[in-house]
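S.K.: One file: model.txt (compact mmCIF, C-alpha atoms).
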# COMPACT_ATOMS: atom_id res chain seq x y z
CA MET H 14 5.46 12.77 8.66
CA GLY H 15 8.58 12.42 6.50
CA LYS H 16 9.09 12.63 2.77
CA MET H 17 6.28 11.67 0.37
CA GLY H 18 6.93 9.00 -2.25
CA VAL H 19 6.86 9.87 -5.93
CA LEU H 20 4.33 8.42 -8.36
CA PHE H 21 5.75 7.18 -11.68
CA VAL H 22 3.63 6.39 -14.71
CA PHE H 23 5.01 4.02 -17.36
CA SER H 24 3.43 3.72 -20.77
CA GLY H 25 4.51 2.37 -24.10
CA PRO H 26 3.32 -0.08 -26.70
CA SER H 27 3.04 -3.77 -25.98
CA GLY H 28 6.36 -5.46 -26.84
CA VAL H 29 8.51 -2.40 -26.19
CA GLY H 30 10.03 -3.93 -23.05
CA LYS H 31 8.48 -1.67 -20.42
CA GLY H 32 7.68 -4.64 -18.19
CA THR H 33 11.31 -5.75 -18.25
CA LEU H 34 12.53 -2.22 -17.50
CA LYS H 35 10.06 -1.83 -14.66
CA LYS H 36 11.05 -5.16 -13.12
CA ARG H 37 14.73 -4.16 -13.19
CA LEU H 38 13.97 -0.84 -11.49
CA LEU H 39 11.88 -2.53 -8.78
CA GLU H 40 14.68 -5.01 -8.13
CA GLU H 41 17.47 -2.45 -7.97
CA PHE H 42 15.51 -0.10 -5.71
CA LYS H 43 13.73 -2.69 -3.60
CA GLY H 44 11.98 -1.09 -0.61
CA GLN H 45 12.10 2.35 -2.23
CA ILE H 46 9.72 1.75 -5.12
CA VAL H 47 6.95 -0.80 -5.68
CA ASP H 48 4.24 -1.36 -8.24
CA SER H 49 0.62 -1.07 -7.27
CA VAL H 50 -1.69 -4.09 -7.41
CA SER H 51 -4.63 -3.32 -9.74
CA ALA H 52 -8.22 -4.47 -9.40
CA THR H 53 -9.79 -6.37 -12.29
CA THR H 54 -13.05 -8.02 -13.23
CA ARG H 55 -11.35 -10.71 -15.28
CA GLU H 56 -11.14 -14.28 -14.03
CA PRO H 57 -7.92 -15.22 -12.21
CA ARG H 58 -5.61 -17.55 -14.16
CA LYS H 59 -4.51 -20.79 -12.57
CA ASP H 60 -1.27 -19.49 -11.07
CA GLU H 61 -2.63 -16.12 -10.00
CA GLN H 62 -3.40 -15.19 -6.42
CA ASP H 63 -5.88 -12.56 -5.22
CA GLY H 64 -3.94 -9.52 -4.03
CA ARG H 65 -0.68 -10.51 -5.72
CA GLU H 66 -1.19 -10.17 -9.49
CA TYR H 67 -4.57 -8.45 -9.11
CA PHE H 68 -7.44 -7.94 -6.75
CA PHE H 69 -10.15 -9.97 -8.44
CA ILE H 70 -13.52 -8.28 -7.99
CA SER H 71 -17.01 -8.50 -9.52
CA ARG H 72 -18.22 -6.16 -12.23
CA GLN H 73 -20.80 -4.79 -9.81
CA GLU H 74 -18.11 -4.01 -7.24
CA PHE H 75 -15.94 -2.46 -9.96
CA ASP H 76 -18.75 -0.16 -11.12
CA ARG H 77 -19.45 0.88 -7.55
CA ARG H 78 -15.79 1.81 -7.04
CA VAL H 79 -15.72 3.82 -10.25
CA GLU H 80 -18.79 5.71 -9.06
CA ASN H 81 -17.18 6.24 -5.65
CA ASN H 82 -14.02 7.63 -7.27
CA ASP H 83 -11.96 4.83 -5.70
CA PHE H 84 -9.72 4.41 -8.75
CA LEU H 85 -6.87 6.67 -9.81
CA GLU H 86 -7.53 5.42 -13.32
CA HIS H 87 -9.54 2.65 -14.89
CA ALA H 88 -10.09 1.18 -18.34
CA GLU H 89 -11.79 -1.66 -20.15
CA PHE H 90 -9.83 -4.05 -22.40
CA SER H 91 -11.48 -6.92 -24.29
CA GLY H 92 -14.53 -6.81 -22.06
CA ASN H 93 -12.56 -6.82 -18.79
CA CYS H 94 -12.18 -3.83 -16.47
CA TYR H 95 -8.94 -2.80 -14.79
CA GLY H 96 -8.44 -0.09 -12.17
CA THR H 97 -5.72 1.32 -9.91
CA PRO H 98 -7.00 1.55 -6.31
CA ARG H 99 -6.42 5.12 -5.15
CA GLU H 100 -6.07 4.24 -1.45
CA ASN H 101 -3.32 1.68 -2.03
CA VAL H 102 -1.28 4.22 -3.96
CA MET H 103 -1.90 6.98 -1.39
CA ASN H 104 -0.94 4.63 1.45
CA LEU H 105 2.40 3.91 -0.21
CA LEU H 106 3.18 7.52 -1.20
CA ASN H 107 2.25 8.82 2.24
CA ARG H 108 4.67 6.37 3.81
CA GLY H 109 7.51 7.59 1.62
CA ILE H 110 7.45 4.70 -0.85
CA ASP H 111 7.62 5.49 -4.57
CA VAL H 112 5.02 3.80 -6.76
CA VAL H 113 5.09 2.84 -10.42
CA LEU H 114 1.97 2.32 -12.51
CA GLU H 115 2.28 0.51 -15.84
CA ILE H 116 -0.78 1.82 -17.66
CA ASP H 117 -1.96 2.88 -21.09
CA VAL H 118 -2.17 6.39 -22.53
CA GLN H 119 -5.79 6.93 -21.43
CA GLY H 120 -5.00 5.77 -17.90
CA ALA H 121 -1.95 8.04 -17.76
CA ARG H 122 -4.14 11.01 -18.66
CA GLN H 123 -6.54 10.19 -15.83
CA VAL H 124 -3.66 9.88 -13.35
CA ARG H 125 -2.06 13.14 -14.48
CA GLU H 126 -5.33 14.95 -13.84
CA LYS H 127 -5.62 13.62 -10.30
CA MET H 128 -1.94 13.54 -9.36
CA SER H 129 -0.29 16.47 -11.05
CA ASP H 130 3.01 15.70 -9.26
CA CYS H 131 3.44 12.35 -10.98
CA VAL H 132 6.41 11.68 -13.24
CA SER H 133 5.42 10.09 -16.54
CA ILE H 134 7.69 8.08 -18.82
CA PHE H 135 6.90 6.74 -22.27
CA ILE H 136 9.01 3.86 -23.59
CA LEU H 137 9.42 3.97 -27.36
CA PRO H 138 10.59 1.26 -29.75
CA PRO H 139 13.56 2.17 -31.99
CA SER H 140 11.17 1.83 -34.93
CA PHE H 141 7.74 0.53 -35.74
CA GLU H 142 9.30 -2.32 -37.74
CA GLU H 143 11.40 -3.33 -34.76
CA LEU H 144 8.30 -3.35 -32.54
CA GLU H 145 6.51 -5.63 -34.99
CA HIS H 146 9.58 -7.87 -35.12
CA ARG H 147 9.67 -8.14 -31.30
CA LEU H 148 5.96 -8.93 -31.07
CA ARG H 149 6.30 -11.68 -33.68
CA GLU H 150 9.39 -13.08 -31.98
CA ARG H 151 7.38 -13.91 -28.86
CA HIS H 152 5.61 -16.73 -30.75
CA THR H 153 2.88 -16.71 -28.12
CA GLU H 154 0.08 -14.87 -29.85
CA THR H 155 -2.27 -15.24 -32.79
CA GLU H 156 -1.85 -13.06 -35.86
CA ASP H 157 -5.09 -11.25 -34.94
CA LYS H 158 -3.73 -10.39 -31.51
CA ILE H 159 -0.45 -9.13 -32.97
CA LEU H 160 -2.29 -6.92 -35.46
CA GLU H 161 -4.45 -5.56 -32.65
CA ARG H 162 -1.35 -4.70 -30.58
CA LEU H 163 0.26 -2.98 -33.56
CA GLU H 164 -2.91 -0.98 -34.16
CA THR H 165 -2.90 0.15 -30.51
CA ALA H 166 0.79 1.05 -30.81
CA ARG H 167 0.05 3.17 -33.89
CA ARG H 168 -2.49 5.08 -31.82
CA GLU H 169 -0.37 5.39 -28.65
CA ILE H 170 3.11 6.24 -29.95
CA PRO H 171 2.01 9.71 -31.15
CA CYS H 172 1.04 10.46 -27.52
CA ALA H 173 4.63 10.06 -26.27
CA PRO H 174 5.22 13.87 -26.16
CA GLU H 175 2.49 14.18 -23.49
CA TYR H 176 4.91 12.44 -21.11
CA ASP H 177 7.62 14.06 -18.99
CA TYR H 178 10.25 11.71 -20.41
CA GLN H 179 10.61 9.60 -23.54
CA ILE H 180 13.04 6.71 -23.54
CA VAL H 181 13.84 4.75 -26.69
CA ASN H 182 14.44 1.10 -25.88
CA ASN H 183 16.97 0.16 -28.53
CA ASP H 184 19.52 -1.48 -26.26
CA LEU H 185 18.03 -2.70 -22.96
CA ASP H 186 21.03 -1.70 -20.81
CA ALA H 187 21.18 1.78 -22.31
CA ALA H 188 17.43 2.27 -21.90
CA TYR H 189 17.67 1.09 -18.29
CA ASP H 190 20.47 3.57 -17.59
CA GLN H 191 18.24 6.39 -18.80
CA LEU H 192 15.30 5.15 -16.78
CA ARG H 193 17.50 4.80 -13.71
CA ASN H 194 18.70 8.38 -14.10
CA VAL H 195 15.16 9.68 -14.42
CA TYR H 196 14.13 7.73 -11.33
CA VAL H 197 17.05 8.74 -9.12
CA HIS H 198 16.70 12.37 -10.18
CA ALA H 199 12.92 12.51 -9.66
CA ALA H 200 12.96 10.57 -6.41
CA GLN H 201 15.59 12.90 -4.94
CA ARG H 202 13.81 16.02 -6.13
CA ALA H 203 10.69 15.14 -4.12
CA MET E 30 7.35 -12.80 -7.14
CA GLY E 31 9.90 -12.46 -4.31
CA LYS E 32 9.52 -12.66 -0.55
CA MET E 33 6.23 -11.71 1.13
CA GLY E 34 6.23 -9.04 3.82
CA VAL E 35 5.30 -9.90 7.41
CA LEU E 36 2.26 -8.46 9.16
CA PHE E 37 2.86 -7.20 12.72
CA VAL E 38 0.09 -6.40 15.17
CA PHE E 39 0.81 -4.02 18.07
CA SER E 40 -1.52 -3.72 21.01
CA GLY E 41 -1.26 -2.35 24.50
CA PRO E 42 -3.02 0.13 26.73
CA SER E 43 -3.15 3.81 25.97
CA GLY E 44 -0.13 5.53 27.55
CA VAL E 45 2.13 2.47 27.44
CA GLY E 46 4.34 3.98 24.74
CA LYS E 47 3.47 1.69 21.80
CA GLY E 48 3.19 4.66 19.43
CA THR E 49 6.72 5.78 20.34
CA LEU E 50 8.09 2.25 19.93
CA LYS E 51 6.34 1.84 16.59
CA LYS E 52 7.65 5.16 15.31
CA ARG E 53 11.20 4.19 16.24
CA LEU E 54 10.89 0.86 14.45
CA LEU E 55 9.49 2.53 11.31
CA GLU E 56 12.35 5.01 11.32
CA GLU E 57 15.11 2.47 11.84
CA PHE E 58 13.74 0.10 9.19
CA LYS E 59 12.50 2.68 6.70
CA GLY E 60 11.50 1.07 3.40
CA GLN E 61 11.24 -2.38 5.01
CA ILE E 62 8.24 -1.78 7.26
CA VAL E 63 5.42 0.77 7.16
CA ASP E 64 2.18 1.33 9.02
CA SER E 65 -1.12 1.03 7.22
CA VAL E 66 -3.40 4.04 6.83
CA SER E 67 -6.79 3.28 8.41
CA ALA E 68 -10.21 4.42 7.23
CA THR E 69 -12.42 6.31 9.66
CA THR E 70 -15.81 7.95 9.82
CA ARG E 71 -14.65 10.67 12.19
CA GLU E 72 -14.14 14.23 11.01
CA PRO E 73 -10.59 15.19 10.00
CA ARG E 74 -8.80 17.52 12.41
CA LYS E 75 -7.37 20.75 11.11
CA ASP E 76 -3.86 19.45 10.42
CA GLU E 77 -4.94 16.07 9.09
CA GLN E 78 -4.86 15.14 5.42
CA ASP E 79 -6.97 12.51 3.69
CA GLY E 80 -4.81 9.46 2.99
CA ARG E 81 -2.04 10.45 5.39
CA GLU E 82 -3.39 10.13 8.96
CA TYR E 83 -6.59 8.40 7.81
CA PHE E 84 -8.82 7.88 4.84
CA PHE E 85 -11.88 9.90 5.84
CA ILE E 86 -15.04 8.20 4.59
CA SER E 87 -18.78 8.40 5.26
CA ARG E 88 -20.61 6.06 7.61
CA GLN E 89 -22.54 4.68 4.64
CA GLU E 90 -19.30 3.90 2.79
CA PHE E 91 -17.84 2.38 5.96
CA ASP E 92 -20.83 0.06 6.43
CA ARG E 93 -20.67 -0.97 2.80
CA ARG E 94 -17.00 -1.90 3.17
CA VAL E 95 -17.68 -3.91 6.30
CA GLU E 96 -20.38 -5.82 4.44
CA ASN E 97 -18.01 -6.34 1.49
CA ASN E 98 -15.31 -7.72 3.82
CA ASP E 99 -12.95 -4.92 2.77
CA PHE E 100 -11.50 -4.50 6.26
CA LEU E 101 -8.96 -6.74 7.96
CA GLU E 102 -10.44 -5.48 11.21
CA HIS E 103 -12.76 -2.71 12.27
CA ALA E 104 -14.11 -1.23 15.49
CA GLU E 105 -16.19 1.60 16.86
CA PHE E 106 -14.83 4.01 19.49
CA SER E 107 -16.86 6.89 20.93
CA GLY E 108 -19.31 6.77 18.05
CA ASN E 109 -16.62 6.77 15.33
CA CYS E 110 -15.71 3.78 13.17
CA TYR E 111 -12.16 2.75 12.29
CA GLY E 112 -11.08 0.04 9.88
CA THR E 113 -7.89 -1.37 8.32
CA PRO E 114 -8.29 -1.62 4.52
CA ARG E 115 -7.45 -5.18 3.52
CA GLU E 116 -6.24 -4.31 0.02
CA ASN E 117 -3.71 -1.74 1.21
CA VAL E 118 -2.16 -4.27 3.57
CA MET E 119 -2.15 -7.03 0.93
CA ASN E 120 -0.56 -4.69 -1.61
CA LEU E 121 2.29 -3.96 0.79
CA LEU E 122 2.83 -7.56 1.93
CA ASN E 123 2.73 -8.87 -1.63
CA ARG E 124 5.44 -6.40 -2.61
CA GLY E 125 7.70 -7.63 0.20
CA ILE E 126 7.05 -4.73 2.58
CA ASP E 127 6.35 -5.52 6.24
CA VAL E 128 3.30 -3.84 7.76
CA VAL E 129 2.51 -2.87 11.34
CA LEU E 130 -1.02 -2.36 12.62
CA GLU E 131 -1.50 -0.54 15.93
CA ILE E 132 -4.90 -1.85 17.00
CA ASP E 133 -6.86 -2.91 20.06
CA VAL E 134 -7.37 -6.40 21.42
CA GLN E 135 -10.61 -6.97 19.51
CA GLY E 136 -9.04 -5.81 16.26
CA ALA E 137 -6.04 -8.07 16.83
CA ARG E 138 -8.37 -11.04 17.20
CA GLN E 139 -10.04 -10.23 13.88
CA VAL E 140 -6.66 -9.92 12.15
CA ARG E 141 -5.35 -13.17 13.63
CA GLU E 142 -8.38 -15.00 12.24
CA LYS E 143 -7.83 -13.67 8.73
CA MET E 144 -4.04 -13.58 8.67
CA SER E 145 -2.81 -16.50 10.72
CA ASP E 146 0.80 -15.74 9.76
CA CYS E 147 0.81 -12.37 11.52
CA VAL E 148 3.17 -11.69 14.41
CA SER E 149 1.43 -10.10 17.39
CA ILE E 150 3.10 -8.07 20.13
CA PHE E 151 1.52 -6.71 23.30
CA ILE E 152 3.24 -3.82 25.05
CA LEU E 153 2.77 -3.90 28.82
CA PRO E 154 3.34 -1.17 31.42
CA PRO E 155 5.71 -2.07 34.29
CA SER E 156 2.71 -1.71 36.59
CA PHE E 157 -0.81 -0.42 36.57
CA GLU E 158 0.21 2.45 38.86
CA GLU E 159 2.95 3.46 36.45
CA LEU E 160 0.46 3.45 33.54
CA GLU E 161 -1.86 5.74 35.51
CA HIS E 162 1.09 7.98 36.33
CA ARG E 163 2.07 8.23 32.65
CA LEU E 164 -1.48 8.99 31.54
CA ARG E 165 -1.77 11.76 34.15
CA GLU E 166 1.63 13.19 33.21
CA ARG E 167 0.41 13.98 29.69
CA HIS E 168 -1.76 16.79 31.11
CA THR E 169 -3.80 16.78 27.92
CA GLU E 170 -6.92 14.91 28.96
CA THR E 171 -9.89 15.29 31.24
CA GLU E 172 -10.22 13.13 34.34
CA ASP E 173 -13.13 11.30 32.68
CA LYS E 174 -11.01 10.45 29.66
CA ILE E 175 -8.16 9.20 31.87
CA LEU E 176 -10.52 7.00 33.88
CA GLU E 177 -11.96 5.61 30.65
CA ARG E 178 -8.48 4.75 29.37
CA LEU E 179 -7.59 3.05 32.65
CA GLU E 180 -10.80 1.04 32.50
CA THR E 181 -9.95 -0.11 28.98
CA ALA E 182 -6.42 -1.00 30.14
CA ARG E 183 -7.87 -3.11 32.97
CA ARG E 184 -9.86 -5.04 30.37
CA GLU E 185 -7.06 -5.35 27.80
CA ILE E 186 -3.97 -6.18 29.87
CA PRO E 187 -5.30 -9.64 30.79
CA CYS E 188 -5.39 -10.43 27.04
CA ALA E 189 -1.61 -10.03 26.67
CA PRO E 190 -1.00 -13.83 26.72
CA GLU E 191 -3.01 -14.16 23.48
CA TYR E 192 -0.13 -12.44 21.72
CA ASP E 193 3.01 -14.06 20.31
CA TYR E 194 5.23 -11.68 22.30
CA GLN E 195 4.85 -9.56 25.40
CA ILE E 196 7.20 -6.64 25.96
CA VAL E 197 7.24 -4.66 29.20
CA ASN E 198 7.99 -1.02 28.54
CA ASN E 199 9.81 -0.06 31.70
CA ASP E 200 12.84 1.58 30.09
CA LEU E 201 12.15 2.77 26.53
CA ASP E 202 15.57 1.79 25.14
CA ALA E 203 15.37 -1.68 26.65
CA ALA E 204 11.83 -2.18 25.37
CA TYR E 205 12.89 -1.04 21.93
CA ASP E 206 15.80 -3.50 21.90
CA GLN E 207 13.36 -6.32 22.57
CA LEU E 208 10.96 -5.11 19.91
CA ARG E 209 13.80 -4.75 17.43
CA ASN E 210 14.92 -8.33 18.11
CA VAL E 211 11.40 -9.65 17.60
CA TYR E 212 11.11 -7.70 14.36
CA VAL E 213 14.46 -8.72 12.90
CA HIS E 214 13.89 -12.35 13.83
CA ALA E 215 10.33 -12.49 12.46
CA ALA E 216 11.13 -10.57 9.28
CA GLN E 217 14.03 -12.91 8.48
CA ARG E 218 12.01 -16.02 9.20
CA ALA E 219 9.46 -15.12 6.51
Using structure tokens, write down the structure that the file contains.

M.R.:
Amino acid sequence: MGKMGVLFVFSGPSGVGKGTLKKRLLEEFKGQIVDSVSATTREPRKDEQDGREYFFISRQEFDRRVENNDFLEHAEFSGNCYGTPRENVMNLLNRGIDVVLEIDVQGARQVREKMSDCVSIFILPPSFEELEHRLRERHTETEDKILERLETARREIPCAPEYDYQIVNNDLDAAYDQLRNVYVHAAQRA
Amino acid sequence: MGKMGVLFVFSGPSGVGKGTLKKRLLEEFKGQIVDSVSATTREPRKDEQDGREYFFISRQEFDRRVENNDFLEHAEFSGNCYGTPRENVMNLLNRGIDVVLEIDVQGARQVREKMSDCVSIFILPPSFEELEHRLRERHTETEDKILERLETARREIPCAPEYDYQIVNNDLDAAYDQLRNVYVHAAQRA
């Protein structure tokens, strides 16, 4: 049936640039690696499309899927539930396509338990002060929201050693080079 | 979000060689097009693995998914149910990966209703006699099974004009060249 794809797990605090790094990887290795579309109970935003940004499902349907073990990992943030559909990921991996999940520390633990072969990467800021600086530079969020993100970061950063790789995003190009090396190495190993 | 993938639907009678043609296409265009893993209520065979050949689910779960509109198409054969998970296909298409579904005429009709952009291809035998000859040459099936397949073929072949393309598989290489042209043309058009 050919080579299996490799499952990559990306975590790191909000503002660390993991979305940017992921996007660059997906673009450079188009057709080899994709990100999985998550299911969520939150309302779609105006420019969002079911099945593209998320699969938008009811809370009842979400709970049923949790019970049925249909998610590789799931979590609740600010009253909304998010989950990674197991079958979508398995479909991709079994067809030789690598998959990347951008999830939090709790989600990564759930995935590691179910998919022991996954490769996990934690993106670190050069310093806590720099992270705070980057979050404030966005100018898109309230002070409360920023403080909440920093609080989460304070809780998550100490979990970085649980991951297979830690990459410090000081300079974006340098961080991407490291990520690229990890990816090429892990994808070939499989 | 980048280019959407294209959904291809393959139909044709049992023994016509559509599996071989599909496999060749998937191999030549690895990373660009994959087949979707179906869900089924039938028991896994010894060498089958959940999520690779099929997702093996209970009849109760299958019925629930039908009710929930989770399948792009579904059908029952010899007491077993088969369905194409909608989310898996959407995940692939939305990440720019083309998808091929090898399904029967009824399934193709269901898919065409839901995904009007799909490209459908019917593989025809050079003649009915040649199809019978090929089915008998396999030496793997009972006479009853062969007669059943021929009966289904007699019902399905007249539906070929419903499809966007008809390809006669007389010579495998020639048929593949036609299929390849259809694929390359349709995938670029998207």

S.K.: Identify, on the basis of only C-alpha atoms, every residue whose closest approach to Asn182 (chain H) does not exceed 9 Å; exclude the query and any residue fewer than 6 positions from it along the same chain; express the result as a PyMOL selection string.

M.R.: chain H and resi 29-31+136-139+188-189

S.K.: With C-alpha atoms retained, write the just-selected residues as an mmCIF file, in the coordinates of the input.

M.R.:
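Ended up saving to result11.cif:
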data_model
loop_
_atom_site.group_PDB
_atom_site.id
_atom_site.type_symbol
_atom_site.label_atom_id
_atom_site.label_comp_id
_atom_site.auth_asym_id
_atom_site.auth_seq_id
_atom_site.Cartn_x
_atom_site.Cartn_y
_atom_site.Cartn_z
ATOM 1 C CA VAL H 29 8.510 -2.400 -26.190
ATOM 2 C CA GLY H 30 10.030 -3.930 -23.050
ATOM 3 C CA LYS H 31 8.480 -1.670 -20.420
ATOM 4 C CA ILE H 136 9.010 3.860 -23.590
ATOM 5 C CA LEU H 137 9.420 3.970 -27.360
ATOM 6 C CA PRO H 138 10.590 1.260 -29.750
ATOM 7 C CA PRO H 139 13.560 2.170 -31.990
ATOM 8 C CA ALA H 188 17.430 2.270 -21.900
ATOM 9 C CA TYR H 189 17.670 1.090 -18.290
#

S.K.: Counting all atoms listed in the file, find the residues whose atoms lie at most 12 Å from (6.4, -0.9, -40.4) (file coordinates) and write them out as a list in words.

M.R.: Pro138, Pro139, Ser140, Phe141, Glu142, Glu143, Leu144, Glu145, His146, Leu160, Leu163, Glu164, Ala166 and Arg167 of chain H

S.K.: Counting all atoms listed in the file, which residue out of H:Gln119, H:Thr155, H:Gln73, H:Thr54 sits closest to chain E?

M.R.: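 Ranked by minimum distance to chain E, first place goes to H:Gln73.
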
S.K.: Calculate how many Å separate CA of Val19 (chain H) from CA of Arg202 (chain H), rounding to one decimal.

M.R.: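 Straight-line distance from CA of Val19 (chain H) to CA of Arg202 (chain H) works out to 9.3 Å.
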
S.K.: Output the contact residues of chain H with respect to chain E at a cut-off of 7 Å, based on all atoms listed in the file, as a PDB file with C-alpha atoms, keeping the file's coordinate frame.

M.R.:
ATOM      1  CA  GLY H  44      11.980  -1.090  -0.610  1.00  0.00           C
ATOM      2  CA  GLN H  45      12.100   2.350  -2.230  1.00  0.00           C
ATOM      3  CA  VAL H  47       6.950  -0.800  -5.680  1.00  0.00           C
ATOM      4  CA  SER H  49       0.620  -1.070  -7.270  1.00  0.00           C
ATOM      5  CA  VAL H  50      -1.690  -4.090  -7.410  1.00  0.00           C
ATOM      6  CA  GLY H  64      -3.940  -9.520  -4.030  1.00  0.00           C
ATOM      7  CA  ARG H  65      -0.680 -10.510  -5.720  1.00  0.00           C
ATOM      8  CA  GLU H 100      -6.070   4.240  -1.450  1.00  0.00           C
ATOM      9  CA  ASN H 101      -3.320   1.680  -2.030  1.00  0.00           C
ATOM     10  CA  MET H 103      -1.900   6.980  -1.390  1.00  0.00           C
ATOM     11  CA  ASN H 104      -0.940   4.630   1.450  1.00  0.00           C
ATOM     12  CA  ASN H 107       2.250   8.820   2.240  1.00  0.00           C
ATOM     13  CA  ARG H 108       4.670   6.370   3.810  1.00  0.00           C
ATOM     14  CA  ILE H 110       7.450   4.700  -0.850  1.00  0.00           C
TER      15      ILE H 110
END

S.K.: Suppose you want the space between CA of Asp157 (chain H) and CA of Glu89 (chain H); what is it in Å?

M.R.: 18.9 Å

S.K.: In Å, rounded to a single decimal, give me how far CA of Val128 (chain E) is from CA of Val197 (chain E).

M.R.: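 Spanning CA of Val197 (chain E) to CA of Val128 (chain E) is a straight-line distance of 21.8 Å.
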
S.K.: Pull the neighbourhood of (7.2, 3.4, -12.3) for me: all residues within 6 Å in file coordinates, counting only C-alpha atoms, as a list in words.

M.R.: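 Those within range, by chain then number, are Phe21, Val22, Phe23, Val112, Val113 and Leu114 of chain H.
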
S.K.: Which polymer residues have any atom within 10 Å of an atom of Ala189 (chain E), counting all atoms listed in the file, with same-chain residues fewer than 5 positions away left out, as a compact mmCIF listing (two decimals) with C-alpha atoms, in the frame of the given file?

M.R.:
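This went into result-v7.txt:
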# COMPACT_ATOMS: atom_id res chain seq x y z
CA SER E 40 -1.52 -3.72 21.01
CA GLY E 41 -1.26 -2.35 24.50
CA VAL E 134 -7.37 -6.40 21.42
CA SER E 149 1.43 -10.10 17.39
CA ILE E 150 3.10 -8.07 20.13
CA PHE E 151 1.52 -6.71 23.30
CA ILE E 152 3.24 -3.82 25.05
CA LEU E 153 2.77 -3.90 28.82
CA TYR E 194 5.23 -11.68 22.30
CA GLN E 195 4.85 -9.56 25.40
CA ILE E 196 7.20 -6.64 25.96
